[in-house]
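Here is the file coords09.txt (compact mmCIF, C-alpha atoms).
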```txt
# COMPACT_ATOMS: atom_id res chain seq x y z
CA MET K 149 102.41 132.40 154.11
CA ALA K 150 102.81 129.46 151.74
CA ASN K 151 104.07 126.19 153.17
CA ARG K 152 107.33 125.60 151.29
CA ARG K 153 108.15 122.26 152.91
CA VAL K 154 108.13 119.66 150.12
CA VAL K 155 109.89 116.79 151.86
CA SER K 156 109.46 115.46 155.40
CA THR K 157 112.00 116.26 158.12
CA GLN K 158 113.07 112.61 158.12
CA THR K 159 113.63 112.65 154.34
CA ARG K 160 115.54 115.94 154.60
CA ASN K 161 117.77 114.52 157.36
CA ASN K 162 118.37 111.36 155.33
CA LEU K 163 119.25 113.46 152.28
CA ILE K 164 121.74 115.68 154.14
CA VAL K 165 123.49 112.71 155.78
CA ASP K 166 123.49 110.81 152.47
CA ILE K 167 125.01 113.75 150.53
CA LEU K 168 127.77 114.18 153.14
CA LEU K 169 128.33 110.41 153.26
CA PHE K 170 128.54 110.29 149.47
CA THR K 171 131.05 113.18 149.37
CA GLY K 172 133.19 111.63 152.13
CA GLY K 173 132.95 108.23 150.46
CA VAL K 174 134.08 109.58 147.07
CA LEU K 175 137.07 111.38 148.67
CA THR K 176 138.05 108.29 150.71
CA ALA K 177 137.68 106.01 147.68
CA LEU K 178 139.68 108.31 145.35
CA SER K 179 142.52 108.70 147.87
CA GLY K 180 142.39 104.93 148.51
CA ILE K 181 142.69 104.28 144.76
CA TYR K 182 145.76 106.58 144.74
CA PHE K 183 147.38 104.38 147.41
CA VAL K 184 146.68 101.07 145.65
CA PHE K 185 148.44 102.29 142.51
CA LEU K 186 151.23 104.10 144.37
CA PRO K 187 151.65 101.72 147.31
CA VAL K 188 155.15 102.69 148.42
CA GLY K 189 156.45 106.13 149.38
CA GLY K 190 160.01 107.43 149.45
CA TYR K 191 162.99 106.94 147.16
CA GLN K 192 163.73 103.39 148.45
CA GLY K 193 167.34 103.62 147.26
CA GLY K 194 166.15 104.09 143.67
CA ARG K 195 163.84 101.03 143.76
CA ASN K 196 160.60 103.04 143.75
CA PRO K 197 159.68 103.89 140.12
CA MET K 198 156.76 106.01 141.36
CA TYR K 199 158.99 108.26 143.49
CA GLY K 200 158.45 111.96 142.82
CA ILE K 201 155.25 111.44 140.80
CA VAL K 202 152.60 113.99 141.78
CA ILE K 203 148.97 113.28 140.86
CA LEU K 204 147.02 116.46 141.67
CA PHE K 205 148.38 116.54 145.25
CA THR K 206 151.47 115.31 147.09
CA ARG K 207 151.43 111.85 148.69
CA HIS K 208 151.19 113.50 152.12
CA THR K 209 148.08 115.47 151.09
CA TRP K 210 146.44 112.32 149.67
CA GLY K 211 147.14 110.68 153.04
CA ASP K 212 145.48 113.58 154.89
CA ILE K 213 142.45 113.44 152.56
CA HIS K 214 142.13 109.67 153.16
CA ILE K 215 142.37 110.02 156.94
CA TRP K 216 139.98 112.96 157.38
CA ALA K 217 137.41 111.82 154.82
CA GLY K 218 137.60 108.33 156.37
CA VAL K 219 137.03 109.70 159.87
CA ALA K 220 134.11 111.77 158.51
CA ILE K 221 132.41 108.75 156.93
CA ILE K 222 132.80 106.71 160.13
CA ALA K 223 131.08 109.58 162.02
CA LEU K 224 128.40 109.94 159.32
CA ALA K 225 127.78 106.18 159.24
CA ALA K 226 127.13 106.47 162.98
CA LEU K 227 124.24 108.80 162.01
CA HIS K 228 123.16 106.94 158.87
CA ILE K 229 122.67 103.65 160.73
CA PRO K 230 120.32 105.01 163.46
CA LEU K 231 118.37 106.91 160.76
CA HIS K 232 117.71 103.59 159.03
CA TRP K 233 117.53 101.47 162.17
CA LYS K 234 113.90 100.36 161.61
CA TRP K 235 114.81 99.11 158.11
CA ILE K 236 117.88 97.28 159.46
CA VAL K 237 115.89 95.53 162.22
CA SER K 238 113.01 94.65 159.89
CA MET K 239 115.29 93.36 157.09
CA THR K 240 117.48 91.37 159.49
CA GLY K 241 114.34 89.69 160.83
CA ARG K 242 113.15 88.93 157.30
CA ALA K 243 116.60 87.63 156.29
CA VAL K 244 116.63 85.28 159.30
CA ARG K 245 113.11 84.04 158.46
CA ILE K 246 114.13 83.44 154.82
CA ALA K 247 117.27 81.60 155.95
CA LEU K 248 115.05 79.39 158.14
CA GLY K 249 112.71 78.77 155.17
CA LYS K 250 109.82 80.66 156.84
CA GLY K 251 109.69 83.81 154.70
CA LYS K 252 109.77 85.08 151.13
CA MET K 253 111.35 88.05 149.36
CA ASN K 254 111.47 89.03 145.69
CA ASN K 255 114.77 89.03 143.80
CA SER K 256 115.31 92.82 143.88
CA GLY K 257 114.70 92.81 147.65
CA LYS K 258 117.23 90.00 148.08
CA PHE K 259 119.74 91.87 145.89
CA ASN K 260 119.28 95.09 147.87
CA LEU K 261 119.61 93.23 151.17
CA GLY K 262 122.73 91.39 149.97
CA VAL K 263 124.37 94.63 148.78
CA ASN K 264 123.61 96.37 152.08
CA MET K 265 124.94 93.45 154.13
CA LEU K 266 128.11 93.53 152.03
CA ILE K 267 128.48 97.30 152.58
CA GLY K 268 127.86 96.95 156.31
CA LEU K 269 130.38 94.14 156.75
CA SER K 270 133.10 95.62 154.53
CA ALA K 271 132.61 99.10 156.07
CA LEU K 272 132.96 97.61 159.56
CA ILE K 273 136.19 95.79 158.65
CA SER K 274 137.59 98.73 156.69
CA GLY K 275 136.64 101.23 159.41
CA LEU K 276 138.12 99.15 162.25
CA SER K 277 141.37 98.49 160.37
CA GLY K 278 141.55 102.21 159.48
CA LEU K 279 141.08 103.11 163.15
CA TYR K 280 143.85 100.64 164.02
CA PHE K 281 146.31 102.62 161.85
CA LEU K 282 145.02 105.89 163.25
CA LEU K 283 144.98 105.05 166.95
CA ILE K 284 147.58 102.38 167.66
CA PRO K 285 151.11 103.78 168.12
CA GLY K 286 153.51 102.20 165.64
CA ALA K 287 150.73 100.76 163.44
CA SER K 288 151.36 103.17 160.56
CA HIS K 289 153.97 102.23 157.92
CA SER K 290 155.61 105.63 158.34
CA SER K 291 155.99 105.21 162.11
CA ILE K 292 159.46 104.97 163.63
CA ILE K 293 158.04 102.88 166.51
CA PRO K 294 158.32 99.10 165.96
CA ASP K 295 155.25 97.23 164.67
CA PRO K 296 153.01 96.57 167.74
CA MET K 297 151.81 93.31 166.10
CA LEU K 298 148.37 93.63 167.69
CA LEU K 299 146.59 90.46 166.43
CA PHE K 300 148.35 90.78 163.05
CA SER K 301 151.41 92.43 161.52
CA ARG K 302 150.94 95.95 160.08
CA THR K 303 151.17 94.46 156.56
CA THR K 304 148.29 92.09 157.29
CA TRP K 305 146.24 94.99 158.74
CA ASP K 306 147.09 97.00 155.62
CA LEU K 307 145.89 94.22 153.31
CA ILE K 308 142.70 93.72 155.35
CA HIS K 309 142.06 97.48 155.00
CA THR K 310 142.85 97.45 151.26
CA TRP K 311 140.67 94.48 150.29
CA SER K 312 137.72 95.41 152.53
CA GLY K 313 137.92 98.92 151.03
CA ILE K 314 137.78 97.49 147.49
CA VAL K 315 134.72 95.38 148.39
CA MET K 316 133.09 98.44 149.99
CA ILE K 317 133.64 100.62 146.89
CA ALA K 318 132.16 97.93 144.62
CA ALA K 319 129.18 97.40 146.95
CA ALA K 320 128.66 101.17 147.38
CA LEU K 321 128.49 101.56 143.59
CA MET K 322 125.72 98.92 143.52
CA HIS K 323 123.96 100.72 146.40
CA HIS K 324 123.97 103.98 144.43
CA TYR K 325 122.75 102.20 141.31
CA ILE K 326 119.78 100.87 143.32
CA HIS K 327 118.95 104.18 145.04
CA TRP K 328 119.94 106.89 142.54
CA LYS K 329 116.31 107.51 141.48
CA TRP K 330 115.33 108.29 145.10
CA ALA K 331 118.40 110.52 145.54
CA PHE K 332 117.74 112.39 142.27
CA LYS K 333 114.02 112.89 142.97
CA VAL K 334 114.47 114.10 146.56
CA THR K 335 117.46 116.33 145.75
CA ARG K 336 115.51 118.00 142.92
CA LYS K 337 112.47 118.54 145.17
CA TYR K 338 114.52 119.86 148.07
CA TRP K 339 116.71 122.20 146.05
CA GLY K 340 113.72 123.29 144.00
CA ALA K 341 112.04 124.42 147.21
CA LEU K 342 115.13 126.30 148.36
CA ALA K 343 115.62 128.14 145.06
CA MET P 135 118.41 95.74 128.31
CA LEU P 136 121.30 97.35 126.38
CA LYS P 137 121.58 99.98 129.13
CA LYS P 138 121.91 97.22 131.73
CA ILE P 139 124.61 95.44 129.72
CA ILE P 140 126.57 98.70 129.32
CA LEU P 141 126.28 99.56 133.04
CA TRP P 142 127.30 96.06 134.15
CA THR P 143 130.25 96.12 131.72
CA LEU P 144 131.40 99.50 133.09
CA PHE P 145 130.97 98.22 136.63
CA ALA P 146 132.98 95.06 135.89
CA ALA P 147 135.73 97.13 134.22
CA PHE P 148 135.95 99.54 137.16
CA VAL P 149 136.00 96.74 139.75
CA GLY P 150 138.62 94.98 137.61
CA ILE P 151 140.83 98.09 137.80
CA LEU P 152 140.32 98.23 141.58
CA ILE P 153 141.26 94.56 141.98
CA PHE P 154 144.34 95.12 139.81
CA GLY P 155 145.32 98.03 142.08
CA ALA P 156 144.74 95.99 145.23
CA ILE P 157 146.90 93.15 143.86
CA ASN P 158 149.56 95.77 143.03
CA ARG P 159 149.51 97.02 146.64
CA THR P 160 149.46 93.46 148.07
CA THR P 161 152.50 92.48 145.99
CA ALA P 162 154.37 95.67 146.97
CA LYS P 163 153.64 95.29 150.71
CA ILE P 164 154.50 91.58 150.85
CA GLY P 165 157.62 92.28 148.75
CA ALA P 166 158.68 95.05 151.17
CA ASP P 167 158.13 92.65 154.11
CA ASN P 168 160.43 90.14 152.44
CA GLY P 169 163.06 92.83 151.86
CA LEU P 170 162.58 92.91 148.07
```

Turn this file's structure into structure tokens for me.
Amino acid sequence: MANRRVVSTQTRNNLIVDILLFTGGVLTALSGIYFVFLPVGGYQGGRNPMYGIVILFTRHTWGDIHIWAGVAIIALAALHIPLHWKWIVSMTGRAVRIALGKGKMNNSGKFNLGVNMLIGLSALISGLSGLYFLLIPGASHSSIIPDPMLLFSRTTWDLIHTWSGIVMIAAALMHHYIHWKWAFKVTRKYWGALA
Amino acid sequence: MLKKIILWTLFAAFVGILIFGAINRTTAKIGADNGL
């Protein structure tokens, strides 16, 4: 029987997690973009010019997409990080050595490291602020419970979530620009073997 | 080189749209807080 395996198990696992992460990321980003351009729901006594506008789905459905795709990418990031743990440890060590003037890295390596640090930091802030809205009673704008004011007001949490999300989308685009050749090559190999 | 310029221009335009949207949301949320 011919051996049909064309990519290693580790590469296959990386590819599957990356495809799911990419899909979840696109859905979260698209629904997030919906909410930056249509920030307020409801009629607002006639003061909301966007009231009643439907873009593909209702506002409620966009909210559901944002929540569930967001939860999925948090779960997938919890797999993606251990899968790349060796790289993270090695690059953190190198970054510290460079910062101390004891190591060297070429410009593309520095760019890649900078982009990944930006994704990691913005994803952490965006994920935590998203979980705040999801888990803390009264944190959501639509809640009838008074604002719990945990550390910040719900508006401040909202703006932290919005801006960290924008930084994450921009950094994720860079990340895909850097790695698209790997993704294309491995996807073609893997699907070619399955066909 | 031209490809890089085009890609960076598209990236800058897209990020510009995102920043515009985020400012839009920031203004709306702060306005709502102030009862506007």

Using only C-alpha atoms for the distances, tell me which of K:Trp330, K:Trp311, K:Tyr325, K:Tyr191 is nearest to Ala156 in chain P. K:Trp311

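In plain terms, chain K touches chain P through K:Val184, K:Phe185, K:Pro187, where touching means an atom at most 6 Å away, counting only C-alpha atoms.
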
Atoms to include: C-alpha atoms. Write the selected residues as a PDB file, keeping the file's coordinate frame.
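The result, written out as again-v1.pdb:
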```
ATOM      1  CA  VAL K 184     146.680 101.070 145.650  1.00  0.00           C
ATOM      2  CA  PHE K 185     148.440 102.290 142.510  1.00  0.00           C
ATOM      3  CA  PRO K 187     151.650 101.720 147.310  1.00  0.00           C
TER       4      PRO K 187
END
```

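Among the candidates K:Ala226, K:Pro197, K:Val154, K:Leu261, the one nearest to Val244 in chain K when counting only C-alpha atoms is K:Leu261.
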
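Between CA of Ala271 in chain K and CA of Thr310 in chain K the separation is 11.4 Å.
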
Near-Ile221 in chain K list (9 Å; all atoms listed in the file; drop same-chain fewer than 2 positions) as a PyMOL selection string: chain K and resi 168-173+176+216-219+223-226+275

Take CA of Val334 in chain K and CA of Val165 in chain K and report the distance between them in Å, one decimal. 13.0 Å

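Checking K:Ile292, K:Gly313, K:Leu178, K:Ile222 one by one against Trp210 in chain K, counting only C-alpha atoms, you find the shortest gap at K:Leu178.
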
Anything within 12 Å of (147.7, 110.0, 151.3): list those residues as a ChimeraX atom specification, counting only C-alpha atoms and sticking to the file's coordinates. /K:175-189,202-218,289-290

Selected residues written out, C-alpha atoms, as an mmCIF file, keeping the file's coordinate frame:
```
data_model
loop_
_atom_site.group_PDB
_atom_site.id
_atom_site.type_symbol
_atom_site.label_atom_id
_atom_site.label_comp_id
_atom_site.auth_asym_id
_atom_site.auth_seq_id
_atom_site.Cartn_x
_atom_site.Cartn_y
_atom_site.Cartn_z
ATOM 1 C CA LEU K 175 137.070 111.380 148.670
ATOM 2 C CA THR K 176 138.050 108.290 150.710
ATOM 3 C CA ALA K 177 137.680 106.010 147.680
ATOM 4 C CA LEU K 178 139.680 108.310 145.350
ATOM 5 C CA SER K 179 142.520 108.700 147.870
ATOM 6 C CA GLY K 180 142.390 104.930 148.510
ATOM 7 C CA ILE K 181 142.690 104.280 144.760
ATOM 8 C CA TYR K 182 145.760 106.580 144.740
ATOM 9 C CA PHE K 183 147.380 104.380 147.410
ATOM 10 C CA VAL K 184 146.680 101.070 145.650
ATOM 11 C CA PHE K 185 148.440 102.290 142.510
ATOM 12 C CA LEU K 186 151.230 104.100 144.370
ATOM 13 C CA PRO K 187 151.650 101.720 147.310
ATOM 14 C CA VAL K 188 155.150 102.690 148.420
ATOM 15 C CA GLY K 189 156.450 106.130 149.380
ATOM 16 C CA VAL K 202 152.600 113.990 141.780
ATOM 17 C CA ILE K 203 148.970 113.280 140.860
ATOM 18 C CA LEU K 204 147.020 116.460 141.670
ATOM 19 C CA PHE K 205 148.380 116.540 145.250
ATOM 20 C CA THR K 206 151.470 115.310 147.090
ATOM 21 C CA ARG K 207 151.430 111.850 148.690
ATOM 22 C CA HIS K 208 151.190 113.500 152.120
ATOM 23 C CA THR K 209 148.080 115.470 151.090
ATOM 24 C CA TRP K 210 146.440 112.320 149.670
ATOM 25 C CA GLY K 211 147.140 110.680 153.040
ATOM 26 C CA ASP K 212 145.480 113.580 154.890
ATOM 27 C CA ILE K 213 142.450 113.440 152.560
ATOM 28 C CA HIS K 214 142.130 109.670 153.160
ATOM 29 C CA ILE K 215 142.370 110.020 156.940
ATOM 30 C CA TRP K 216 139.980 112.960 157.380
ATOM 31 C CA ALA K 217 137.410 111.820 154.820
ATOM 32 C CA GLY K 218 137.600 108.330 156.370
ATOM 33 C CA HIS K 289 153.970 102.230 157.920
ATOM 34 C CA SER K 290 155.610 105.630 158.340
#
```

Can you tell me how far CA of Ile139 in chain P sits from CA of Val174 in chain K, in Å to one decimal? 24.3 Å

Judged by only C-alpha atoms, the minimum distance to Asn161 in chain K among K:Phe281, K:Tyr338, K:Trp328, K:Phe300 is found for K:Tyr338

Identify the residues within 12 Å of coordinate (121.7, 93.4, 146.8) (same frame as the file), considering all atoms listed in the file, and give the answer as a ChimeraX atom specification. /K:253-268,318-327
